[in-house]
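Asks: Please find one structure pasted underneath; my questions will follow.
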Amino acid sequence: MTGVLCDKNMPERLKSKIYRTVIRPVAVYGAECWPTTKEVEERLSVMETKMLRWTAELTRLEHIRNDVTRERFGVAAIVDKMREARLLWYGHVLRTNDDSVCKIGLNLDVPEKRPRGRPKQRWFDTLREDLKAFNIYPDQAFDREK
């Protein structure tokens, strides 16, 4: 992949397509099940920005904003794509049968005390933030057109 992304003779459209179809899916594989923290989101965002700048042969000294670089390649922010995948998965799980494994796991309640200290980020906590960010309610999952 490095040879293709760094090749100056390769058109940017092709580099963008390779990034969107090969590199990004590998980076966020299974992200719909991750309880992402701000740190994970920042690291993925930094990884994406570095790769796009590297592909476009841009340096930080040129003072080009990250959104401009993303626009140049026609790529949405990786964090937004992760949120979208998480919400799509949640909608899929809500629409499945009540006796399916994923629905049972979604409603599973472990009757155990959580350890002392700051609670770890749970998937539901992340999902709640995503729903709030997009102003979506769980009932809307049954209306697939939205």
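For the structure tokens, the naming scheme is as follows: chains receive sequential letters (A, B, ...) according to their order of presentation, residues are indexed from 1 within each chain, and ligands are indexed from 1 in presentation order.
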Excluding same-chain residues fewer than 3 positions from A:Lys8, what lies within 12 Å of it counting only C-alpha atoms, as number ranges by chain?
Replies: A: 2-5, 11-12, 14-15, 54-57
Asks: With C-alpha atoms retained, export the selected residues as a PDB file, in the first residue's frame.
Replies:
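Written file, part19.pdb:
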ATOM      1  CA  THR A   2       2.813   2.421   0.775  1.00  0.00           C
ATOM      2  CA  GLY A   3       4.046   2.267  -2.800  1.00  0.00           C
ATOM      3  CA  VAL A   4       0.632   3.195  -4.156  1.00  0.00           C
ATOM      4  CA  LEU A   5      -0.124   5.957  -1.653  1.00  0.00           C
ATOM      5  CA  PRO A  11      -3.986  10.278  -9.224  1.00  0.00           C
ATOM      6  CA  GLU A  12      -5.404  11.523  -5.910  1.00  0.00           C
ATOM      7  CA  LEU A  14      -7.353   6.613  -6.862  1.00  0.00           C
ATOM      8  CA  LYS A  15      -5.428   7.195  -3.627  1.00  0.00           C
ATOM      9  CA  TRP A  54       1.386  11.747   3.971  1.00  0.00           C
ATOM     10  CA  THR A  55      -0.541  10.665   0.873  1.00  0.00           C
ATOM     11  CA  ALA A  56      -1.039  14.281  -0.259  1.00  0.00           C
ATOM     12  CA  GLU A  57       2.626  15.077   0.500  1.00  0.00           C
TER      13      GLU A  57
END
Asks: Mind pulling up the distance from atom CA of A:Ile78 to atom CA of A:Gly91?
Replies: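 Rounded to one decimal, the two atoms are 20.0 Å apart.
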Asks: Write out as JSON, numbers by chain which residues come within 10 Å of A:Pro35 when counting only C-alpha atoms, dropping same-chain ones fewer than 3 positions away.
Replies: {"A": [31, 32, 40, 86, 120, 121, 122, 123, 124, 125, 126, 127]}
Asks: Please run DSSP on the backbone and report, as a PyMOL selection string, all residues within chain A that come out as helix (DSSP H, G or I).
Replies: chain A and resi 2-6+12-27+31-33+38-56+60-62+66-73+78-95+101-106+123-134+138-142
Asks: How far is it from atom CA of A:Val26 to atom CA of A:Trp89, in Å with one decimal?
Replies: 17.5 Å
Asks: Would you list the contacts of A:Arg43 as a ChimeraX atom specification, taking every protein, DNA or RNA residue within 12 Å and counting only C-alpha atoms, but skipping same-chain residues closer than 4 positions in sequence?
Replies: /A:27-28,36-39,47-50,78-79
Asks: May I have the selected residues written with C-alpha atoms, as an mmCIF file, in the first residue's frame?
Replies:
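Output file selection-v6.cif is given in full below:
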data_model
loop_
_atom_site.group_PDB
_atom_site.id
_atom_site.type_symbol
_atom_site.label_atom_id
_atom_site.label_comp_id
_atom_site.auth_asym_id
_atom_site.auth_seq_id
_atom_site.Cartn_x
_atom_site.Cartn_y
_atom_site.Cartn_z
ATOM 1 C CA ALA A 27 -8.493 0.602 10.948
ATOM 2 C CA VAL A 28 -12.075 0.510 12.206
ATOM 3 C CA THR A 36 -14.655 4.222 22.429
ATOM 4 C CA THR A 37 -13.167 6.828 24.693
ATOM 5 C CA LYS A 38 -12.015 10.308 23.703
ATOM 6 C CA GLU A 39 -8.439 9.008 23.643
ATOM 7 C CA MET A 47 -3.839 8.341 12.342
ATOM 8 C CA GLU A 48 -6.263 9.347 9.609
ATOM 9 C CA THR A 49 -4.900 12.888 9.366
ATOM 10 C CA LYS A 50 -1.298 11.708 9.219
ATOM 11 C CA ILE A 78 -13.171 8.569 10.812
ATOM 12 C CA VAL A 79 -14.898 9.259 14.151
#
Asks: If we count only C-alpha atoms and set the cut-off at 12 Å, which residues sit around A:Ile104, ignoring sequence neighbours fewer than 6 positions away in its own chain? Please answer as a list in words.
Replies: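 Once the nearby chain positions are removed, what remains is Val93, Leu94, Thr96, Asn97 and Asp98 of chain A.
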Asks: Okay, now the selection with C-alpha atoms, as an mmCIF file, in the first residue's frame?
Replies:
data_model
loop_
_atom_site.group_PDB
_atom_site.id
_atom_site.type_symbol
_atom_site.label_atom_id
_atom_site.label_comp_id
_atom_site.auth_asym_id
_atom_site.auth_seq_id
_atom_site.Cartn_x
_atom_site.Cartn_y
_atom_site.Cartn_z
ATOM 1 C CA VAL A 93 -29.937 -5.337 16.804
ATOM 2 C CA LEU A 94 -33.138 -3.558 17.843
ATOM 3 C CA THR A 96 -33.915 -8.503 15.240
ATOM 4 C CA ASN A 97 -36.063 -11.145 16.925
ATOM 5 C CA ASP A 98 -36.295 -11.077 20.703
#
Asks: May I have the residues within 8 Å of A:Ser16 as a PyMOL selection string, using only C-alpha atoms and disregarding those fewer than 2 positions away in the same chain?
Replies: chain A and resi 12-14+18-20+73-75
Asks: Atoms to include: C-alpha atoms. Write the selected residues as a CSV table (one decimal), in the first residue's frame.
Replies:
chain,number,residue,atom,x,y,z
A,12,GLU,CA,-5.4,11.5,-5.9
A,13,ARG,CA,-8.8,10.1,-6.8
A,14,LEU,CA,-7.4,6.6,-6.9
A,18,ILE,CA,-7.8,3.0,-1.9
A,19,TYR,CA,-7.9,4.8,1.5
A,20,ARG,CA,-11.7,4.5,1.7
A,73,PHE,CA,-9.7,13.4,-0.7
A,74,GLY,CA,-13.5,13.4,-0.3
A,75,VAL,CA,-13.3,11.6,3.0
Asks: Within 12 Å of A:Asp143, counting only C-alpha atoms, which residues show up once you throw out same-chain ones fewer than 4 positions away? Write them as a PyMOL selection string, please.
Replies: chain A and resi 91-92+94-95+136-139
Asks: Rounded to one decimal in Å, what is the spacing between atom CA of A:Val101 and atom CA of A:Leu88?
Replies: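 Computing it gives 17.3 Å between the two atoms.
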